[in-house]
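Student: Structure file protein20.csv (CSV, C-alpha atoms and all ligand atoms) is given on the next line.
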chain,number,residue,atom,x,y,z
A,8,MET,CA,-168.2,-23.2,-16.9
A,9,PRO,CA,-166.4,-23.6,-13.5
A,10,THR,CA,-162.9,-24.9,-14.2
A,11,THR,CA,-161.4,-25.0,-10.7
A,12,VAL,CA,-161.7,-27.9,-8.3
A,13,GLU,CA,-159.3,-28.6,-5.5
A,14,LEU,CA,-156.4,-30.9,-6.7
A,15,ASP,CA,-155.0,-33.8,-4.7
A,16,ARG,CA,-151.2,-33.7,-4.1
A,17,ASP,CA,-150.1,-35.9,-7.1
A,18,THR,CA,-152.3,-33.9,-9.5
A,19,ALA,CA,-151.0,-30.6,-8.2
A,20,ALA,CA,-147.5,-31.9,-8.6
A,21,THR,CA,-148.2,-32.9,-12.2
A,22,GLN,CA,-149.7,-29.5,-12.9
A,23,ALA,CA,-146.6,-27.8,-11.4
A,24,ARG,CA,-144.3,-29.9,-13.6
A,25,TYR,CA,-146.1,-29.0,-16.8
A,26,ASP,CA,-146.4,-25.3,-15.8
A,27,ARG,CA,-142.6,-25.4,-15.4
A,28,ILE,CA,-141.8,-27.0,-18.7
A,29,ALA,CA,-144.5,-25.3,-20.8
A,30,PRO,CA,-142.2,-22.6,-22.2
A,31,PHE,CA,-139.7,-25.2,-23.4
A,32,TYR,CA,-142.1,-28.0,-24.3
A,33,ASP,CA,-142.2,-27.5,-28.1
A,34,ALA,CA,-138.5,-27.1,-28.3
A,35,MET,CA,-137.9,-30.2,-26.2
A,36,GLU,CA,-140.1,-32.2,-28.5
A,37,TRP,CA,-138.9,-30.7,-31.8
A,38,PHE,CA,-137.1,-33.8,-33.0
A,39,THR,CA,-139.6,-36.5,-32.1
A,40,GLU,CA,-142.4,-34.3,-33.4
A,41,ARG,CA,-140.8,-33.9,-36.8
A,42,SER,CA,-139.5,-37.4,-37.1
A,43,ALA,CA,-142.7,-39.3,-36.0
A,44,PHE,CA,-145.3,-37.6,-33.8
A,45,GLN,CA,-146.8,-35.3,-36.4
A,46,ASP,CA,-147.5,-38.2,-38.8
A,47,TRP,CA,-149.1,-40.2,-36.0
A,48,ARG,CA,-151.3,-37.2,-35.1
A,49,ARG,CA,-152.3,-36.8,-38.7
A,50,GLU,CA,-153.2,-40.5,-38.9
A,51,LEU,CA,-155.3,-40.3,-35.7
A,52,TRP,CA,-157.2,-37.2,-36.6
A,53,SER,CA,-158.0,-38.4,-40.2
A,54,ARG,CA,-160.3,-40.9,-38.4
A,55,VAL,CA,-162.2,-38.3,-36.4
A,56,PRO,CA,-165.3,-37.0,-38.2
A,57,ALA,CA,-166.6,-33.4,-37.6
A,58,GLY,CA,-168.9,-33.3,-34.6
A,59,ARG,CA,-168.6,-32.4,-31.0
A,60,VAL,CA,-165.0,-33.3,-30.1
A,61,LEU,CA,-163.2,-33.1,-26.8
A,62,GLU,CA,-159.4,-33.0,-26.7
A,63,VAL,CA,-158.1,-33.9,-23.2
A,64,GLY,CA,-154.6,-32.6,-22.3
A,65,VAL,CA,-154.3,-30.3,-25.2
A,66,GLY,CA,-150.9,-29.2,-24.1
A,67,THR,CA,-149.5,-26.5,-26.4
A,68,GLY,CA,-152.0,-27.4,-29.1
A,69,LYS,CA,-149.9,-29.6,-31.3
A,70,ASN,CA,-153.0,-31.5,-32.6
A,71,MET,CA,-154.7,-28.3,-33.7
A,72,PRO,CA,-153.4,-28.3,-37.3
A,73,HIS,CA,-155.2,-31.7,-37.6
A,74,TYR,CA,-158.6,-30.8,-36.2
A,75,PRO,CA,-161.3,-31.9,-38.7
A,76,GLU,CA,-162.9,-29.0,-40.6
A,77,GLY,CA,-166.3,-28.1,-39.2
A,78,ALA,CA,-165.7,-29.8,-35.9
A,79,HIS,CA,-166.7,-28.1,-32.7
A,80,VAL,CA,-163.7,-28.7,-30.5
A,81,THR,CA,-163.5,-28.2,-26.8
A,82,ALA,CA,-160.0,-28.6,-25.3
A,83,ILE,CA,-158.9,-29.0,-21.7
A,84,ASP,CA,-155.6,-29.2,-19.8
A,85,LEU,CA,-154.5,-29.2,-16.2
A,86,SER,CA,-151.8,-26.7,-16.7
A,87,ASP,CA,-152.5,-23.0,-17.3
A,88,ARG,CA,-149.0,-22.4,-18.8
A,89,MET,CA,-149.6,-25.2,-21.4
A,90,LEU,CA,-153.0,-23.7,-22.1
A,91,GLU,CA,-151.4,-20.3,-22.6
A,92,GLN,CA,-149.4,-21.7,-25.5
A,93,ALA,CA,-152.4,-23.5,-26.9
A,94,ARG,CA,-154.4,-20.2,-26.7
A,95,ARG,CA,-151.7,-18.5,-28.7
A,96,ARG,CA,-151.6,-21.3,-31.4
A,97,ALA,CA,-155.4,-21.5,-32.1
A,98,PRO,CA,-155.9,-18.1,-33.7
A,99,SER,CA,-152.7,-18.4,-35.7
A,100,LEU,CA,-154.4,-21.4,-37.4
A,101,GLY,CA,-157.7,-19.6,-37.7
A,102,LEU,CA,-159.4,-21.9,-35.1
A,103,ASP,CA,-162.0,-21.0,-32.6
A,104,VAL,CA,-161.4,-23.6,-29.8
A,105,GLU,CA,-163.2,-23.5,-26.5
A,106,MET,CA,-160.5,-24.1,-23.8
A,107,HIS,CA,-160.7,-24.8,-20.1
A,108,ARG,CA,-158.3,-25.6,-17.3
A,109,MET,CA,-159.7,-28.9,-16.1
A,110,ASP,CA,-158.7,-32.2,-14.6
A,111,ALA,CA,-159.2,-35.3,-16.8
A,112,GLN,CA,-159.9,-37.2,-13.6
A,113,GLU,CA,-162.9,-35.0,-12.8
A,114,LEU,CA,-164.4,-33.6,-16.1
A,115,LEU,CA,-167.0,-30.9,-15.6
A,116,PHE,CA,-169.1,-32.1,-18.6
A,117,GLU,CA,-172.4,-33.9,-18.6
A,118,ASP,CA,-172.6,-37.6,-19.5
A,119,ASP,CA,-172.8,-38.5,-23.2
A,120,THR,CA,-171.7,-35.0,-24.4
A,121,PHE,CA,-169.1,-35.7,-27.1
A,122,ASP,CA,-169.1,-37.6,-30.4
A,123,ALA,CA,-165.3,-38.2,-30.1
A,124,VAL,CA,-162.8,-37.8,-27.3
A,125,ILE,CA,-159.1,-37.6,-28.1
A,126,ALA,CA,-155.9,-37.6,-26.0
A,127,THR,CA,-152.4,-37.8,-27.2
A,128,PHE,CA,-149.5,-38.6,-24.8
A,129,VAL,CA,-151.6,-37.7,-21.8
A,130,PHE,CA,-152.4,-40.9,-19.9
A,131,CYS,CA,-148.7,-41.2,-19.2
A,132,SER,CA,-149.1,-38.2,-16.9
A,133,VAL,CA,-152.5,-38.4,-15.4
A,134,PRO,CA,-151.9,-39.5,-11.8
A,135,ASP,CA,-154.9,-41.9,-11.7
A,136,PRO,CA,-155.2,-43.0,-15.4
A,137,VAL,CA,-158.0,-45.5,-14.8
A,138,GLN,CA,-160.2,-42.8,-13.2
A,139,GLY,CA,-159.3,-40.4,-16.1
A,140,LEU,CA,-160.2,-43.0,-18.7
A,141,ARG,CA,-163.5,-43.7,-16.9
A,142,GLU,CA,-164.3,-40.0,-17.2
A,143,LEU,CA,-163.5,-40.1,-20.9
A,144,GLY,CA,-166.0,-43.0,-21.2
A,145,ARG,CA,-168.6,-41.1,-19.2
A,146,VAL,CA,-168.6,-37.9,-21.4
A,147,THR,CA,-168.4,-39.8,-24.7
A,148,LYS,CA,-171.8,-40.6,-26.3
A,149,SER,CA,-172.7,-44.3,-26.3
A,150,ASP,CA,-172.1,-44.5,-30.0
A,151,GLY,CA,-169.1,-42.2,-29.9
A,152,ASP,CA,-165.3,-42.9,-30.2
A,153,ILE,CA,-162.3,-42.5,-27.9
A,154,TRP,CA,-158.9,-42.2,-29.6
A,155,LEU,CA,-155.6,-42.4,-27.7
A,156,LEU,CA,-152.0,-42.1,-28.8
A,157,GLU,CA,-149.8,-43.2,-26.0
A,158,HIS,CA,-146.3,-44.5,-25.3
A,159,VAL,CA,-146.4,-47.5,-23.0
A,160,ARG,CA,-144.2,-49.9,-21.0
A,161,ILE,CA,-142.5,-52.5,-23.2
A,162,ASN,CA,-143.4,-55.8,-21.6
A,163,LYS,CA,-140.1,-57.6,-22.4
A,164,PRO,CA,-137.3,-58.8,-20.2
A,165,VAL,CA,-134.6,-56.2,-19.4
A,166,ILE,CA,-136.2,-53.3,-21.2
A,167,GLY,CA,-139.5,-53.5,-19.1
A,168,PRO,CA,-137.7,-53.5,-15.7
A,169,LEU,CA,-135.2,-50.8,-17.0
A,170,MET,CA,-138.2,-48.6,-17.8
A,171,ASP,CA,-139.5,-49.3,-14.3
A,172,THR,CA,-136.2,-48.3,-12.7
A,173,LEU,CA,-135.8,-45.1,-14.7
A,174,ASN,CA,-139.4,-44.1,-14.3
A,175,PRO,CA,-139.2,-42.0,-11.1
A,176,VAL,CA,-136.4,-39.8,-12.5
A,177,VAL,CA,-138.3,-39.3,-15.8
A,178,VAL,CA,-141.5,-38.4,-14.0
A,179,ARG,CA,-139.7,-35.8,-11.9
A,180,MET,CA,-138.0,-34.2,-14.9
A,181,MET,CA,-140.7,-34.5,-17.6
A,182,GLY,CA,-144.0,-35.2,-15.8
A,183,ALA,CA,-144.5,-38.4,-17.8
A,184,ASN,CA,-144.4,-42.0,-16.7
A,185,ILE,CA,-142.6,-44.2,-19.2
A,186,ASN,CA,-144.0,-47.5,-17.8
A,187,ARG,CA,-147.8,-47.1,-18.0
A,188,GLN,CA,-149.8,-50.1,-19.2
A,189,THR,CA,-152.4,-47.9,-21.0
A,190,VAL,CA,-154.1,-50.6,-23.0
A,191,GLU,CA,-154.7,-52.6,-19.8
A,192,ASN,CA,-155.8,-49.3,-18.1
A,193,VAL,CA,-158.4,-48.7,-20.8
A,194,GLN,CA,-159.9,-52.2,-20.1
A,195,ARG,CA,-159.7,-51.6,-16.3
A,196,ALA,CA,-161.7,-48.4,-16.9
A,197,GLY,CA,-164.5,-50.4,-18.4
A,198,LEU,CA,-164.0,-49.1,-22.0
A,199,ARG,CA,-164.4,-51.5,-24.9
A,200,ILE,CA,-161.3,-51.7,-27.1
A,201,VAL,CA,-162.1,-51.6,-30.8
A,202,ASP,CA,-158.5,-51.8,-32.0
A,203,VAL,CA,-154.9,-51.2,-31.0
A,204,GLU,CA,-152.3,-50.3,-33.6
A,205,HIS,CA,-148.6,-50.6,-32.8
A,206,LEU,CA,-146.8,-47.5,-34.2
A,207,SER,CA,-143.2,-47.9,-33.0
A,208,GLY,CA,-142.6,-51.5,-32.2
A,209,GLU,CA,-144.1,-52.1,-28.8
A,210,LEU,CA,-143.5,-48.5,-27.6
A,211,VAL,CA,-146.3,-46.4,-29.0
A,212,LYS,CA,-150.0,-47.4,-29.5
A,213,LEU,CA,-152.9,-45.9,-31.3
A,214,ILE,CA,-155.9,-47.1,-29.3
A,215,HIS,CA,-159.5,-46.9,-30.5
A,216,ALA,CA,-162.0,-47.5,-27.7
A,217,ARG,CA,-165.7,-47.1,-27.1
A,218,PRO,CA,-167.7,-46.5,-23.9
A,301,LIG,C1,-146.9,-34.9,-22.6
A,301,LIG,S1,-148.0,-33.6,-22.6
A,301,LIG,C2,-148.9,-33.9,-24.2
A,301,LIG,C3,-149.6,-32.6,-24.7
A,301,LIG,C4,-150.4,-32.8,-26.0
A,301,LIG,N1,-151.5,-33.7,-25.8
A,301,LIG,C5,-149.5,-33.3,-27.1
A,301,LIG,O1,-149.8,-34.4,-27.7
A,301,LIG,O2,-148.5,-32.6,-27.4
A,301,LIG,C6,-149.2,-34.1,-21.4
A,301,LIG,C7,-150.3,-33.0,-21.2
A,301,LIG,O3,-151.3,-33.6,-20.3
A,301,LIG,C8,-151.7,-32.6,-19.4
A,301,LIG,N2,-152.2,-33.3,-18.2
A,301,LIG,C9,-151.6,-34.1,-17.3
A,301,LIG,N3,-152.4,-34.6,-16.4
A,301,LIG,C10,-153.6,-34.1,-16.7
A,301,LIG,C11,-154.9,-34.1,-16.1
A,301,LIG,N4,-155.1,-34.9,-14.9
A,301,LIG,N5,-155.9,-33.5,-16.6
A,301,LIG,C12,-155.8,-32.8,-17.8
A,301,LIG,N6,-154.6,-32.6,-18.4
A,301,LIG,C13,-153.5,-33.3,-17.9
A,301,LIG,C14,-150.4,-31.9,-19.1
A,301,LIG,O4,-150.7,-30.6,-18.5
A,301,LIG,C15,-149.8,-31.8,-20.5
A,301,LIG,O5,-150.2,-30.6,-21.1
Re-express the file's structure as structure tokens.

Tutor:
Amino acid sequence: MPTTVELDRDTAATQARYDRIAPFYDAMEWFTERSAFQDWRRELWSRVPAGRVLEVGVGTGKNMPHYPEGAHVTAIDLSDRMLEQARRRAPSLGLDVEMHRMDAQELLFEDDTFDAVIATFVFCSVPDPVQGLRELGRVTKSDGDIWLLEHVRINKPVIGPLMDTLNPVVVRMMGANINRQTVENVQRAGLRIVDVEHLSGELVKLIHARP
């Protein structure tokens, strides 16, 4: 499968940021992972049945321990350095995962390929999230499911504008936008929202959508 297409400037900058932080990524996230993320990942994946599954933005492979038994999982990421970590993790868990460097905004899969498509903490980084989400809808089977775990902008006075102000600095340091309106972006992408669960007040959402 061809995995290289020319990247626009913003996407290349995102790739460079994640290539840069890949060696430290797991250490940087150690506390949040232990205190909350791993439980949310377990919860999300407990709802994904075995089948043909796509994980978008696999990162260092933190979801891998939760992959459903018997699933055929394909995983993609924009960053080769993040993928290197994921490629090391998979065999240590006894998993055989097909992995590709690929841009979520331009997936190189046929329409209606996957039973389930999952992304965790990815659409804060994708430069054009609506285009990326459209692509998720395109490659998901019409009766398939899309599951997203995402931190979002808190739409409240003071905190919302504060997140907007801090966002450019956080993007430059970490690659992630802290003020994305991902539930609204899912709707803008033409996906049908089945359910939105609030996992940490207004900050983190578990979104279930369908094409
Ligand atoms: C914050 S990390 C999350 C990694 C992993 N999903 C997790 O839960 O730990 C965001 C990941 O999304 C990837 N990413 C960002 N933009 C992307 C794009 N356009 N296409 C594919 N992957 C992308 C980054 O390279 C990075 O690995």

Student: Starting from the point (-141.0, -32.7, -17.1), work out which residues of protein, DNA or RNA have an atom no more than 12 Å away when counting only C-alpha atoms; state them as a PyMOL selection string.

Tutor: chain A and resi 20-32+35-36+131-132+174-185

Student: Which protein, DNA or RNA residues have an atom within 7 Å of ligand LIG 301 (chain A), counting all atoms listed in the file, as a VMD selection string?

Tutor: chain A and resid 18 21 to 22 25 63 to 70 83 to 86 89 109 to 112 126 to 129 132 to 134 183

Student: Write out as JSON lines a residue-level contact list of segment 36-99 of chain A versus segment 144-147 of chain A with cut-off 12 Å: for each qualifying residue the closest pair of atoms and the distance in Å to one decimal, counting all atoms listed in the file, rows sorted by chain and residue number upward.

Tutor:
{"residue": "A:Gly58", "atom": "CA", "partner": "A:Thr147", "partner_atom": "CA", "distance": 11.9}
{"residue": "A:Arg59", "atom": "CA", "partner": "A:Thr147", "partner_atom": "CA", "distance": 9.7}
{"residue": "A:Val60", "atom": "CA", "partner": "A:Thr147", "partner_atom": "CA", "distance": 9.1}
{"residue": "A:Leu61", "atom": "CA", "partner": "A:Thr147", "partner_atom": "CA", "distance": 8.7}
{"residue": "A:Glu62", "atom": "CA", "partner": "A:Thr147", "partner_atom": "CA", "distance": 11.5}
{"residue": "A:Val63", "atom": "CA", "partner": "A:Val146", "partner_atom": "CA", "distance": 11.4}

Student: Taking only C-alpha atoms into account, name the residue in A:Ser53, A:Ser207, A:Gln92, A:Asn192 that is nearest to His158 of chain A.

Tutor: A:Ser207

Student: Considering all atoms listed in the file, return as a VMD selection string whatever protein or nucleic-acid residues lie within 12 Å of segment 115-123 of chain A, sequence-local ones (same chain, fewer than 5 positions apart) excluded.

Tutor: chain A and resid 8 to 12 51 to 52 54 to 63 74 to 75 78 to 83 107 to 110 141 to 155 215 to 218

Student: Kindly indicate which residue among A:Leu210, A:Leu102, A:Ala19, A:Ala93 lies nearest to Ile166 of chain A, using all atoms listed in the file for the distances.

Tutor: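 Closest to Ile166 of chain A, using all atoms listed in the file: A:Leu210.
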
Student: What is the atom CA of Ile200 of chain A to atom CA of Glu157 of chain A distance in Å?

Tutor: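 Distance between the two atoms: 14.3 Å.
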
Student: So what do you get for atom CA of Glu50 of chain A versus atom CA of Pro98 of chain A, distance-wise?

Tutor: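 Between atom CA of Glu50 of chain A and atom CA of Pro98 of chain A the gap is 23.2 Å.
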